[in-house]
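Heads up, the thing below is written out as structure tokens.
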Amino acid sequence: MALGEAITLKRGYDLPSKKRVKGKVPVYSSSGRSGVHNEAAVHGPGVITGRYGTIGEVFYATDNYWPLNTTLYVSDFKGNYPHFIYYLLKTINWNNYTTASAVPGINRNHVHHCVVTIPDLTTQHKIAYVLGTYDQQIDCLTRTNGHLSQSFVLAV
């Protein structure tokens, strides 16, 4: 099916740095988490990707968040499991959907035509669980590697 039949992508919201009020709500730019604000624009969980600037990175927000105007976010999961959709969007070659300009950008109307395969909801949960477990292991090993590297530097 077309991606637009499985989810709806929407452009994020303007929020200049000077208008941000310190809070606990994560703010996402095209390159990931880029600050906090005191109110959310979107209820979590959520999936966010870069629209301009950094393209091809996909981020998962477990709680409410603010996607900036440099992003696209999933505004409607259409009954699909958000964590699965996060992994699905990581498989898309976003460069195939960039516009030809000085600053490449993604047109959501074009990417909505991308052909994807969506399994049933039970399978979506299983896939997200397995991939999520691998991500947790990778994060743990990355932190351990950082601690070991820091210990080595201190020992030398």
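Residue numbering restarts at 1 for every chain of the structure tokens, chains are lettered A, B, ... in their displayed order, and ligands are numbered from 1 as they appear.
If you count only C-alpha atoms and ignore residues fewer than 2 places along the chain from A:Val47, what sits within 10 Å of it is Leu9, Gly44, Pro45, Thr49, Val58, Phe59, Tyr60, Ala61, Thr62, Pro67, Leu72, Tyr73, Val74, Ser75, Phe77, Pro82, His83, Phe84, Ile85, Tyr86, Tyr87 and Leu89 of chain A.
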Would you write out those residues with N, CA and C atoms, as a PDB file, in the first residue's frame?
ATOM      1  N   LEU A   9       1.622  12.076   7.360  1.00  0.00           N
ATOM      2  CA  LEU A   9       2.722  12.940   7.783  1.00  0.00           C
ATOM      3  C   LEU A   9       2.270  14.387   7.693  1.00  0.00           C
ATOM      4  N   GLY A  44       2.109  12.382  22.449  1.00  0.00           N
ATOM      5  CA  GLY A  44       2.892  11.190  22.148  1.00  0.00           C
ATOM      6  C   GLY A  44       2.086   9.940  22.362  1.00  0.00           C
ATOM      7  N   PRO A  45       2.618   8.814  21.963  1.00  0.00           N
ATOM      8  CA  PRO A  45       3.926   8.665  21.333  1.00  0.00           C
ATOM      9  C   PRO A  45       3.917   9.227  19.917  1.00  0.00           C
ATOM     10  N   THR A  49      10.625  12.959  11.615  1.00  0.00           N
ATOM     11  CA  THR A  49      11.766  12.877  10.707  1.00  0.00           C
ATOM     12  C   THR A  49      12.062  14.270  10.168  1.00  0.00           C
ATOM     13  N   VAL A  58      15.226   9.395  11.745  1.00  0.00           N
ATOM     14  CA  VAL A  58      13.871   9.214  12.265  1.00  0.00           C
ATOM     15  C   VAL A  58      13.978   9.118  13.778  1.00  0.00           C
ATOM     16  N   PHE A  59      13.071   9.777  14.476  1.00  0.00           N
ATOM     17  CA  PHE A  59      13.121   9.854  15.939  1.00  0.00           C
ATOM     18  C   PHE A  59      11.793   9.398  16.523  1.00  0.00           C
ATOM     19  N   TYR A  60      11.878   8.806  17.719  1.00  0.00           N
ATOM     20  CA  TYR A  60      10.685   8.311  18.411  1.00  0.00           C
ATOM     21  C   TYR A  60      10.524   9.068  19.720  1.00  0.00           C
ATOM     22  N   ALA A  61       9.368   9.652  19.918  1.00  0.00           N
ATOM     23  CA  ALA A  61       9.049  10.353  21.163  1.00  0.00           C
ATOM     24  C   ALA A  61       8.044   9.508  21.934  1.00  0.00           C
ATOM     25  N   THR A  62       8.393   9.146  23.149  1.00  0.00           N
ATOM     26  CA  THR A  62       7.486   8.322  23.946  1.00  0.00           C
ATOM     27  C   THR A  62       6.350   9.152  24.550  1.00  0.00           C
ATOM     28  N   PRO A  67       7.229  19.133  17.558  1.00  0.00           N
ATOM     29  CA  PRO A  67       8.022  18.993  16.334  1.00  0.00           C
ATOM     30  C   PRO A  67       8.167  20.360  15.662  1.00  0.00           C
ATOM     31  N   LEU A  72       8.842  16.594   9.729  1.00  0.00           N
ATOM     32  CA  LEU A  72       7.539  15.986   9.453  1.00  0.00           C
ATOM     33  C   LEU A  72       7.281  15.067  10.632  1.00  0.00           C
ATOM     34  N   TYR A  73       6.034  14.981  11.067  1.00  0.00           N
ATOM     35  CA  TYR A  73       5.696  14.055  12.139  1.00  0.00           C
ATOM     36  C   TYR A  73       4.444  13.288  11.735  1.00  0.00           C
ATOM     37  N   VAL A  74       4.265  12.130  12.342  1.00  0.00           N
ATOM     38  CA  VAL A  74       3.080  11.322  12.046  1.00  0.00           C
ATOM     39  C   VAL A  74       1.923  11.905  12.840  1.00  0.00           C
ATOM     40  N   SER A  75       0.959  12.467  12.130  1.00  0.00           N
ATOM     41  CA  SER A  75      -0.212  13.060  12.797  1.00  0.00           C
ATOM     42  C   SER A  75      -1.336  12.049  12.957  1.00  0.00           C
ATOM     43  N   PHE A  77      -1.688   7.688  12.912  1.00  0.00           N
ATOM     44  CA  PHE A  77      -1.116   6.350  12.710  1.00  0.00           C
ATOM     45  C   PHE A  77      -2.114   5.389  12.065  1.00  0.00           C
ATOM     46  N   PRO A  82       2.663   2.776  16.743  1.00  0.00           N
ATOM     47  CA  PRO A  82       3.650   3.838  16.544  1.00  0.00           C
ATOM     48  C   PRO A  82       5.110   3.373  16.544  1.00  0.00           C
ATOM     49  N   HIS A  83       5.464   2.466  17.443  1.00  0.00           N
ATOM     50  CA  HIS A  83       6.859   2.024  17.502  1.00  0.00           C
ATOM     51  C   HIS A  83       7.233   1.234  16.246  1.00  0.00           C
ATOM     52  N   PHE A  84       6.310   0.494  15.676  1.00  0.00           N
ATOM     53  CA  PHE A  84       6.552  -0.191  14.408  1.00  0.00           C
ATOM     54  C   PHE A  84       6.737   0.837  13.286  1.00  0.00           C
ATOM     55  N   ILE A  85       5.877   1.854  13.269  1.00  0.00           N
ATOM     56  CA  ILE A  85       5.967   2.895  12.239  1.00  0.00           C
ATOM     57  C   ILE A  85       7.325   3.591  12.308  1.00  0.00           C
ATOM     58  N   TYR A  86       7.843   3.780  13.506  1.00  0.00           N
ATOM     59  CA  TYR A  86       9.188   4.344  13.667  1.00  0.00           C
ATOM     60  C   TYR A  86      10.209   3.502  12.902  1.00  0.00           C
ATOM     61  N   TYR A  87      10.186   2.192  13.119  1.00  0.00           N
ATOM     62  CA  TYR A  87      11.133   1.314  12.417  1.00  0.00           C
ATOM     63  C   TYR A  87      10.857   1.269  10.918  1.00  0.00           C
ATOM     64  N   LEU A  89       9.668   3.705   9.038  1.00  0.00           N
ATOM     65  CA  LEU A  89      10.161   4.937   8.423  1.00  0.00           C
ATOM     66  C   LEU A  89      11.685   4.968   8.341  1.00  0.00           C
TER      67      LEU A  89
END
Distance query stretch 33-42 of chain A at most 12 Å, only C-alpha atoms, self and fewer than 6 positions along chain excluded, as a VMD selection string: chain A and resid 10 to 27 48 to 50 57 to 76
Output C-alpha atoms of each residue in that selection to a file, as a PDB file, in the first residue's frame.
ATOM      1  CA  LYS A  10       2.341  16.592   8.692  1.00  0.00           C
ATOM      2  CA  ARG A  11       4.726  19.559   8.850  1.00  0.00           C
ATOM      3  CA  GLY A  12       5.919  20.588  12.309  1.00  0.00           C
ATOM      4  CA  TYR A  13       5.256  23.922  14.024  1.00  0.00           C
ATOM      5  CA  ASP A  14       7.239  27.150  14.257  1.00  0.00           C
ATOM      6  CA  LEU A  15       8.843  27.826  17.635  1.00  0.00           C
ATOM      7  CA  PRO A  16      11.826  30.168  17.536  1.00  0.00           C
ATOM      8  CA  SER A  17      14.377  29.664  20.324  1.00  0.00           C
ATOM      9  CA  LYS A  18      13.552  33.069  21.839  1.00  0.00           C
ATOM     10  CA  LYS A  19       9.899  32.022  22.287  1.00  0.00           C
ATOM     11  CA  ARG A  20      10.679  28.765  24.079  1.00  0.00           C
ATOM     12  CA  VAL A  21       9.853  28.597  27.763  1.00  0.00           C
ATOM     13  CA  LYS A  22      11.949  26.168  29.775  1.00  0.00           C
ATOM     14  CA  GLY A  23       9.929  23.087  30.606  1.00  0.00           C
ATOM     15  CA  LYS A  24       9.996  19.318  30.259  1.00  0.00           C
ATOM     16  CA  VAL A  25       8.495  18.873  26.787  1.00  0.00           C
ATOM     17  CA  PRO A  26      11.123  17.790  24.229  1.00  0.00           C
ATOM     18  CA  VAL A  27      11.474  19.891  21.096  1.00  0.00           C
ATOM     19  CA  ILE A  48       9.429  12.507  13.689  1.00  0.00           C
ATOM     20  CA  THR A  49      11.766  12.877  10.707  1.00  0.00           C
ATOM     21  CA  GLY A  50      13.648  15.735   9.095  1.00  0.00           C
ATOM     22  CA  GLU A  57      16.978  10.479  10.475  1.00  0.00           C
ATOM     23  CA  VAL A  58      13.871   9.214  12.265  1.00  0.00           C
ATOM     24  CA  PHE A  59      13.121   9.854  15.939  1.00  0.00           C
ATOM     25  CA  TYR A  60      10.685   8.311  18.411  1.00  0.00           C
ATOM     26  CA  ALA A  61       9.049  10.353  21.163  1.00  0.00           C
ATOM     27  CA  THR A  62       7.486   8.322  23.946  1.00  0.00           C
ATOM     28  CA  ASP A  63       5.642  11.300  25.453  1.00  0.00           C
ATOM     29  CA  ASN A  64       4.118  14.579  24.271  1.00  0.00           C
ATOM     30  CA  TYR A  65       6.479  16.715  22.208  1.00  0.00           C
ATOM     31  CA  TRP A  66       6.930  19.734  19.926  1.00  0.00           C
ATOM     32  CA  PRO A  67       8.022  18.993  16.334  1.00  0.00           C
ATOM     33  CA  LEU A  68       9.620  22.056  14.763  1.00  0.00           C
ATOM     34  CA  ASN A  69       8.773  23.297  11.277  1.00  0.00           C
ATOM     35  CA  THR A  70      11.937  21.628   9.921  1.00  0.00           C
ATOM     36  CA  THR A  71      10.318  18.251  10.603  1.00  0.00           C
ATOM     37  CA  LEU A  72       7.539  15.986   9.453  1.00  0.00           C
ATOM     38  CA  TYR A  73       5.696  14.055  12.139  1.00  0.00           C
ATOM     39  CA  VAL A  74       3.080  11.322  12.046  1.00  0.00           C
ATOM     40  CA  SER A  75      -0.212  13.060  12.797  1.00  0.00           C
ATOM     41  CA  ASP A  76      -2.319   9.936  12.263  1.00  0.00           C
TER      42      ASP A  76
END
Residues within 7 Å of A:Tyr97, only C-alpha atoms, excluding chain neighbours under 6 positions, as a short mmCIF file (atom, residue, chain, number, x, y, z; two decimals) with all heavy atoms, in the first residue's frame:
data_model
loop_
_atom_site.label_atom_id
_atom_site.label_comp_id
_atom_site.auth_asym_id
_atom_site.auth_seq_id
_atom_site.Cartn_x
_atom_site.Cartn_y
_atom_site.Cartn_z
N ILE A 106 12.01 17.52 2.00
CA ILE A 106 11.08 16.44 1.72
C ILE A 106 9.68 17.02 1.50
O ILE A 106 9.21 17.81 2.32
CB ILE A 106 11.02 15.44 2.91
CG1 ILE A 106 12.38 14.80 3.16
CG2 ILE A 106 9.94 14.40 2.70
CD1 ILE A 106 12.83 13.86 2.08
N ASN A 107 9.04 16.61 0.45
CA ASN A 107 7.66 16.97 0.21
C ASN A 107 6.81 15.79 0.69
O ASN A 107 6.88 14.70 0.13
CB ASN A 107 7.43 17.24 -1.28
CG ASN A 107 6.01 17.66 -1.58
OD1 ASN A 107 5.06 17.17 -0.98
ND2 ASN A 107 5.87 18.55 -2.54
N HIS A 110 4.82 13.74 -1.75
CA HIS A 110 5.56 12.78 -2.56
C HIS A 110 5.82 11.50 -1.77
O HIS A 110 5.64 10.40 -2.30
CB HIS A 110 6.88 13.36 -3.05
CG HIS A 110 6.71 14.51 -3.99
ND1 HIS A 110 7.67 15.48 -4.15
CD2 HIS A 110 5.70 14.84 -4.82
CE1 HIS A 110 7.25 16.36 -5.03
NE2 HIS A 110 6.06 16.00 -5.46
N VAL A 111 6.27 11.64 -0.53
CA VAL A 111 6.60 10.45 0.27
C VAL A 111 5.35 9.64 0.63
O VAL A 111 5.43 8.44 0.84
CB VAL A 111 7.44 10.82 1.51
CG1 VAL A 111 6.59 11.41 2.62
CG2 VAL A 111 8.21 9.63 2.03
#
Run DSSP on the backbone and give me the residues of chain A it puts in alpha helix (DSSP H), as a JSON list (two decimals) with N, CA and C atoms, in the first residue's frame.
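Once everything was written out, this is part.json:
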[["chain", "number", "residue", "atom", "x", "y", "z"],
["A", 3, "LEU", "N", 2.31, 4.65, 1.53],
["A", 3, "LEU", "CA", 2.57, 5.09, 2.89],
["A", 3, "LEU", "C", 1.44, 5.98, 3.42],
["A", 4, "GLY", "N", 0.90, 6.83, 2.55],
["A", 4, "GLY", "CA", -0.19, 7.72, 2.94],
["A", 4, "GLY", "C", -1.47, 7.00, 3.32],
["A", 5, "GLU", "N", -1.60, 5.71, 2.96],
["A", 5, "GLU", "CA", -2.75, 4.92, 3.38],
["A", 5, "GLU", "C", -2.52, 4.36, 4.79],
["A", 6, "ALA", "N", -1.25, 4.26, 5.20],
["A", 6, "ALA", "CA", -0.90, 3.67, 6.50],
["A", 6, "ALA", "C", -0.75, 4.73, 7.59],
["A", 82, "PRO", "N", 2.66, 2.78, 16.74],
["A", 82, "PRO", "CA", 3.65, 3.84, 16.54],
["A", 82, "PRO", "C", 5.11, 3.37, 16.54],
["A", 83, "HIS", "N", 5.46, 2.47, 17.44],
["A", 83, "HIS", "CA", 6.86, 2.02, 17.50],
["A", 83, "HIS", "C", 7.23, 1.23, 16.25],
["A", 84, "PHE", "N", 6.31, 0.49, 15.68],
["A", 84, "PHE", "CA", 6.55, -0.19, 14.41],
["A", 84, "PHE", "C", 6.74, 0.84, 13.29],
["A", 85, "ILE", "N", 5.88, 1.85, 13.27],
["A", 85, "ILE", "CA", 5.97, 2.89, 12.24],
["A", 85, "ILE", "C", 7.33, 3.59, 12.31],
["A", 86, "TYR", "N", 7.84, 3.78, 13.51],
["A", 86, "TYR", "CA", 9.19, 4.34, 13.67],
["A", 86, "TYR", "C", 10.21, 3.50, 12.90],
["A", 87, "TYR", "N", 10.19, 2.19, 13.12],
["A", 87, "TYR", "CA", 11.13, 1.31, 12.42],
["A", 87, "TYR", "C", 10.86, 1.27, 10.92],
["A", 88, "LEU", "N", 9.60, 1.29, 10.53],
["A", 88, "LEU", "CA", 9.25, 1.30, 9.11],
["A", 88, "LEU", "C", 9.84, 2.54, 8.42],
["A", 89, "LEU", "N", 9.67, 3.71, 9.04],
["A", 89, "LEU", "CA", 10.16, 4.94, 8.42],
["A", 89, "LEU", "C", 11.68, 4.97, 8.34],
["A", 90, "LYS", "N", 12.36, 4.23, 9.21],
["A", 90, "LYS", "CA", 13.82, 4.14, 9.14],
["A", 90, "LYS", "C", 14.28, 3.36, 7.91],
["A", 108, "ARG", "N", 6.03, 16.01, 1.74],
["A", 108, "ARG", "CA", 5.25, 14.91, 2.34],
["A", 108, "ARG", "C", 4.26, 14.30, 1.34],
["A", 109, "ASN", "N", 3.78, 15.11, 0.41],
["A", 109, "ASN", "CA", 2.85, 14.59, -0.59],
["A", 109, "ASN", "C", 3.53, 13.56, -1.50],
["A", 110, "HIS", "N", 4.82, 13.74, -1.75],
["A", 110, "HIS", "CA", 5.56, 12.78, -2.56],
["A", 110, "HIS", "C", 5.82, 11.50, -1.77],
["A", 111, "VAL", "N", 6.27, 11.64, -0.53],
["A", 111, "VAL", "CA", 6.60, 10.45, 0.27],
["A", 111, "VAL", "C", 5.35, 9.64, 0.63],
["A", 121, "LEU", "N", -1.46, -5.99, 13.14],
["A", 121, "LEU", "CA", -1.05, -5.30, 14.37],
["A", 121, "LEU", "C", -0.24, -6.19, 15.31],
["A", 122, "THR", "N", -0.58, -7.45, 15.43],
["A", 122, "THR", "CA", 0.17, -8.37, 16.29],
["A", 122, "THR", "C", 1.61, -8.50, 15.80],
["A", 123, "THR", "N", 1.78, -8.64, 14.51],
["A", 123, "THR", "CA", 3.12, -8.74, 13.92],
["A", 123, "THR", "C", 3.88, -7.43, 14.09],
["A", 124, "GLN", "N", 3.19, -6.29, 13.96],
["A", 124, "GLN", "CA", 3.83, -4.99, 14.18],
["A", 124, "GLN", "C", 4.42, -4.92, 15.59],
["A", 125, "HIS", "N", 3.65, -5.36, 16.57],
["A", 125, "HIS", "CA", 4.13, -5.36, 17.97],
["A", 125, "HIS", "C", 5.36, -6.25, 18.13],
["A", 126, "LYS", "N", 5.33, -7.42, 17.52],
["A", 126, "LYS", "CA", 6.45, -8.36, 17.62],
["A", 126, "LYS", "C", 7.71, -7.78, 16.99],
["A", 127, "ILE", "N", 7.57, -7.20, 15.81],
["A", 127, "ILE", "CA", 8.71, -6.61, 15.11],
["A", 127, "ILE", "C", 9.31, -5.46, 15.94],
["A", 128, "ALA", "N", 8.45, -4.58, 16.44],
["A", 128, "ALA", "CA", 8.93, -3.45, 17.24],
["A", 128, "ALA", "C", 9.60, -3.93, 18.53],
["A", 129, "TYR", "N", 9.07, -4.98, 19.13],
["A", 129, "TYR", "CA", 9.66, -5.52, 20.36],
["A", 129, "TYR", "C", 11.08, -6.04, 20.10],
["A", 130, "VAL", "N", 11.23, -6.83, 19.05],
["A", 130, "VAL", "CA", 12.55, -7.41, 18.74],
["A", 130, "VAL", "C", 13.55, -6.30, 18.40],
["A", 131, "LEU", "N", 13.15, -5.38, 17.52],
["A", 131, "LEU", "CA", 14.06, -4.31, 17.13],
["A", 131, "LEU", "C", 14.36, -3.38, 18.31],
["A", 132, "GLY", "N", 13.37, -3.14, 19.14],
["A", 132, "GLY", "CA", 13.56, -2.31, 20.33],
["A", 132, "GLY", "C", 14.55, -2.95, 21.30],
["A", 133, "THR", "N", 14.48, -4.27, 21.44],
["A", 133, "THR", "CA", 15.42, -5.00, 22.30],
["A", 133, "THR", "C", 16.84, -4.85, 21.78],
["A", 134, "TYR", "N", 17.02, -4.97, 20.47],
["A", 134, "TYR", "CA", 18.34, -4.76, 19.87],
["A", 134, "TYR", "C", 18.83, -3.33, 20.10],
["A", 135, "ASP", "N", 17.95, -2.36, 19.93],
["A", 135, "ASP", "CA", 18.33, -0.96, 20.16],
["A", 135, "ASP", "C", 18.78, -0.75, 21.60],
["A", 136, "GLN", "N", 18.09, -1.35, 22.56],
["A", 136, "GLN", "CA", 18.48, -1.22, 23.97],
["A", 136, "GLN", "C", 19.86, -1.83, 24.20],
["A", 137, "GLN", "N", 20.13, -2.98, 23.58],
["A", 137, "GLN", "CA", 21.44, -3.61, 23.73],
["A", 137, "GLN", "C", 22.53, -2.75, 23.11],
["A", 138, "ILE", "N", 22.25, -2.18, 21.94],
["A", 138, "ILE", "CA", 23.23, -1.31, 21.28],
["A", 138, "ILE", "C", 23.51, -0.09, 22.16],
["A", 139, "ASP", "N", 22.48, 0.52, 22.72],
["A", 139, "ASP", "CA", 22.66, 1.68, 23.60],
["A", 139, "ASP", "C", 23.51, 1.32, 24.81],
["A", 140, "CYS", "N", 23.23, 0.16, 25.40],
["A", 140, "CYS", "CA", 23.98, -0.29, 26.57],
["A", 140, "CYS", "C", 25.46, -0.50, 26.20],
["A", 141, "LEU", "N", 25.72, -1.16, 25.08],
["A", 141, "LEU", "CA", 27.10, -1.40, 24.65],
["A", 141, "LEU", "C", 27.81, -0.09, 24.30],
["A", 142, "THR", "N", 27.10, 0.85, 23.71],
["A", 142, "THR", "CA", 27.69, 2.15, 23.37],
["A", 142, "THR", "C", 28.08, 2.89, 24.65],
["A", 143, "ARG", "N", 27.19, 2.88, 25.66],
["A", 143, "ARG", "CA", 27.52, 3.52, 26.94],
["A", 143, "ARG", "C", 28.71, 2.84, 27.61],
["A", 144, "THR", "N", 28.72, 1.51, 27.58],
["A", 144, "THR", "CA", 29.83, 0.75, 28.16],
["A", 144, "THR", "C", 31.13, 1.08, 27.45],
["A", 145, "ASN", "N", 31.10, 1.14, 26.13],
["A", 145, "ASN", "CA", 32.28, 1.48, 25.35],
["A", 145, "ASN", "C", 32.78, 2.88, 25.72],
["A", 146, "GLY", "N", 31.86, 3.82, 25.89],
["A", 146, "GLY", "CA", 32.24, 5.18, 26.29],
["A", 146, "GLY", "C", 32.90, 5.20, 27.65],
["A", 147, "HIS", "N", 32.36, 4.43, 28.59],
["A", 147, "HIS", "CA", 32.95, 4.36, 29.94],
["A", 147, "HIS", "C", 34.32, 3.72, 29.88],
["A", 148, "LEU", "N", 34.46, 2.66, 29.08],
["A", 148, "LEU", "CA", 35.76, 2.00, 28.96],
["A", 148, "LEU", "C", 36.79, 2.93, 28.33],
["A", 149, "SER", "N", 36.37, 3.65, 27.30],
["A", 149, "SER", "CA", 37.29, 4.60, 26.64],
["A", 149, "SER", "C", 37.73, 5.67, 27.61],
["A", 150, "GLN", "N", 36.79, 6.18, 28.41],
["A", 150, "GLN", "CA", 37.10, 7.22, 29.39],
["A", 150, "GLN", "C", 38.03, 6.67, 30.47],
["A", 151, "SER", "N", 37.81, 5.44, 30.91],
["A", 151, "SER", "CA", 38.66, 4.80, 31.91],
["A", 151, "SER", "C", 40.06, 4.61, 31.36],
["A", 152, "PHE", "N", 40.17, 4.23, 30.10],
["A", 152, "PHE", "CA", 41.48, 4.02, 29.47],
["A", 152, "PHE", "C", 42.26, 5.33, 29.43],
["A", 153, "VAL", "N", 41.58, 6.42, 29.04],
["A", 153, "VAL", "CA", 42.22, 7.74, 28.95],
["A", 153, "VAL", "C", 42.71, 8.17, 30.34],
["A", 154, "LEU", "N", 41.89, 7.95, 31.36],
["A", 154, "LEU", "CA", 42.26, 8.34, 32.72],
["A", 154, "LEU", "C", 43.44, 7.49, 33.22],
["A", 155, "ALA", "N", 43.51, 6.23, 32.79],
["A", 155, "ALA", "CA", 44.57, 5.33, 33.24],
["A", 155, "ALA", "C", 45.91, 5.69, 32.58]]
